[in-house]
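Working notes, structure below.
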Amino acid sequence: MSTEPLIRFRGLRKAFGANVVLEDFNMDIADGERIALIGPSGSGKTTVLRLLMGLDTFDGGEIEVGGVPLSRPSEQAKLARRQIGMVFQHFNLFPHMTVMANVTEAPRRVLGLSNAEAQARATGLLRMVGLEAKLNALPRQLSGGQQQRVAIARALAMRPRIMLFDEVTSALDPELVGEVLRVVRQLARESGMTMLIVTHEMSFARDVSDRVVFMERGRVAEQGPPDMIFRNPSNERTRAFLQAILER
Amino acid sequence: MTASVVDLLPNLLRGATVTVEVTVAAGALALALSLPVALARMSPAWPLRVIGTTYVEVLRGTSALVQLFYLFFILPLLGIRLDPLPTAIAGLGLNFSAYASEIVRGAIAGIDRGQWEAAHALHLSRAATLARIVLPQAVAVMLPSFASLMIQLLKSTALVSLITLSDLTFSGQALITTTGRPFAVWGLVLVIYYVLSLPLAWASNRLEARATAYRARPAGAI
């Protein structure tokens, strides 16, 4: 039982028109595992997250969450997906709502929490990300780093078992990256959630993950423990990619 | 013998109230229809898209006057008889709902895809996403266009004088027949139409300012 993977990608295929983004993509993820997905842009990292979240449909293969296949829409698939939360590169906060309303909206509407319950949960999460003083602010009034921390709190308010982080610091000014990575690191340390993290921050990928997956041209090119991938990559492409990043 | 401007006004104002009635009622009908029609056009289900698109294309592509004539003169031949006022409201309301639905559709389509995706990632239903996330933002975009559409509707109500409704234009024509003073009468009619449009313009400015308040960054942000 416990060896059964929580998430399983099997022969996954996705094309946008003639552009094949994923081709025979396979990966198993254990419950509680933290995966860093790295690789050149266009290698399909973000697409893996989007297909898992259901933001795009896949053309072939299968994704299973807790043994439930997601390829065909069903009530089961819907419930399986409900265990997943996602944080986006561009935050995507709801601009017409306060920070508090951003975080309480889905727990109230989807989970049926009362206003008081949802607010209590939101207050706790916003304290955790260091924004308890901004409950009534609008997204426009916050820095990018603050907005992204609200977005993390908003996703966590649904109590997901699986969290997807899609280049969550790529749109931030350099001096704001640290405050967001700190929150993700803390989650990785303390939460026990299963996490899939797409990132270009290599040192972050290294110390946040149990396993680093290097993707290229829509497949897994190499994977292993962070120390192995970063110290001694066996794949020539991985080596070239890491070299290029480190020389930046 | 020659009537003063003051003597002309009561007749014209009686006509103006009919004009306002038609504008308000037809405008309300157009706005009420605009959202379902826009949603039909954007639906993932193709039959709905076909129905919505046909609706808009037919109503936009044919003359509003002919549509009014059709309702007023042709329907009775089929046994459906409507009074001039309901005919005017239905005719202009349907016609303007096509334009209004395009405003709604454009505003919804203009909302960042990331908003839909964030809502999806929070497992909000499509209906909840529309009602709570997308429409509140889209309305801010729609309001100025709606206001100018309503001003256009106000002026288009002159068409209803041709199906025997005693609106402002109709009253003007009648007055000219009895007074023989086209210059004064049409001048007054112009002024009254303009004055009637002023509250619409004012309301649109106010609503726009309010609906977009969340975008403005107040000095000394919290």
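Letters A, B, ... mark the chains of the structure tokens in the order given; residue numbers begin at 1 per chain; ligand numbers begin at 1, in order shown.
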- [ ] Quick one: everything within 12 Å of Gln223 of chain A, counting only C-alpha atoms, minus sequence neighbours fewer than 5 positions away in the same chain. Send it as a PyMOL selection string.
- [x] chain A and resi 26-28+35-39+209-216+228-230+232-235+238
Open item on the list: When you look at segment 53-64 of chain B with a cut-off of 9 Å (counting only C-alpha atoms), what residues show up, excluding the ones that are within fewer than 2 positions of it in the same chain? I need them as a PyMOL selection string.
Closed with: chain B and resi 37-38+40-41+48-51+66-69+91-92+94-99+101-102+156+159
TODO: Using atom CA of Trp186 of chain B and atom CA of Ser4 of chain B as the two end points, give the distance in Å to one decimal.
DONE: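 Atom CA of Ser4 of chain B lies 14.0 Å from atom CA of Trp186 of chain B.
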Open item on the list: Can you work out which residues from chain A touch chain B at a cut-off of 9 Å (counting only C-alpha atoms) and hand them back as a ChimeraX atom specification?
Closed with: /A:53-55,78,81-82,84-88,90-97,105-107,109-110,134,136-142,154-155,158
Using C-alpha atoms, can you export the residues from the last selection as a PDB file, in the first residue's frame?
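Below is the file selection38.pdb, written as the result:
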ATOM      1  CA  MET A  53      -3.992  20.587 -12.366  1.00  0.00           C
ATOM      2  CA  GLY A  54      -6.385  20.164 -15.277  1.00  0.00           C
ATOM      3  CA  LEU A  55      -5.673  23.563 -16.838  1.00  0.00           C
ATOM      4  CA  LYS A  78     -12.835  15.750  -9.758  1.00  0.00           C
ATOM      5  CA  ARG A  81      -7.951  16.723  -8.321  1.00  0.00           C
ATOM      6  CA  ARG A  82      -9.427  18.596  -5.411  1.00  0.00           C
ATOM      7  CA  ILE A  84      -4.192  19.592  -5.602  1.00  0.00           C
ATOM      8  CA  GLY A  85      -3.310  23.252  -5.164  1.00  0.00           C
ATOM      9  CA  MET A  86      -1.225  25.472  -7.407  1.00  0.00           C
ATOM     10  CA  VAL A  87       0.772  28.686  -7.226  1.00  0.00           C
ATOM     11  CA  PHE A  88       1.424  30.539 -10.464  1.00  0.00           C
ATOM     12  CA  HIS A  90       2.153  35.655 -12.138  1.00  0.00           C
ATOM     13  CA  PHE A  91       0.330  35.210  -8.789  1.00  0.00           C
ATOM     14  CA  ASN A  92      -3.124  35.601 -10.384  1.00  0.00           C
ATOM     15  CA  LEU A  93      -4.647  37.115  -7.285  1.00  0.00           C
ATOM     16  CA  PHE A  94      -8.210  38.387  -7.686  1.00  0.00           C
ATOM     17  CA  PRO A  95      -7.595  42.141  -8.024  1.00  0.00           C
ATOM     18  CA  HIS A  96     -11.065  43.236  -6.953  1.00  0.00           C
ATOM     19  CA  MET A  97     -10.885  41.386  -3.635  1.00  0.00           C
ATOM     20  CA  GLU A 105     -13.365  32.712  -1.224  1.00  0.00           C
ATOM     21  CA  ALA A 106     -12.673  29.112  -2.218  1.00  0.00           C
ATOM     22  CA  PRO A 107     -12.852  27.557   1.271  1.00  0.00           C
ATOM     23  CA  ARG A 109     -17.649  28.312  -1.737  1.00  0.00           C
ATOM     24  CA  VAL A 110     -16.031  24.948  -2.363  1.00  0.00           C
ATOM     25  CA  LYS A 134      -2.295  43.177   5.171  1.00  0.00           C
ATOM     26  CA  ASN A 136      -7.631  44.317   4.206  1.00  0.00           C
ATOM     27  CA  ALA A 137      -5.208  45.423   1.524  1.00  0.00           C
ATOM     28  CA  LEU A 138      -5.977  45.008  -2.170  1.00  0.00           C
ATOM     29  CA  PRO A 139      -3.482  43.097  -4.310  1.00  0.00           C
ATOM     30  CA  ARG A 140      -2.468  46.299  -6.107  1.00  0.00           C
ATOM     31  CA  GLN A 141      -1.237  47.710  -2.855  1.00  0.00           C
ATOM     32  CA  LEU A 142       1.242  44.875  -2.302  1.00  0.00           C
ATOM     33  CA  ARG A 154      -4.745  31.175  -0.799  1.00  0.00           C
ATOM     34  CA  ALA A 155      -3.755  27.785  -2.202  1.00  0.00           C
ATOM     35  CA  MET A 158      -7.868  24.575   0.568  1.00  0.00           C
TER      36      MET A 158
END
Task: Which of B:Ser171, B:Thr23, B:Thr177, B:Asn205 sits closest to Ser145 of chain B [using only C-alpha atoms] - done: B:Asn205
- [ ] Show which residues sit within 12 Å of Gly106 of chain B, as a count of residues only. Count only C-alpha atoms, and ignore same-chain residues fewer than 2 positions away.
- [x] 23
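If you look at atom CA of Asp173 of chain A and atom CA of Val129 of chain A, they are 18.3 Å away from each other.
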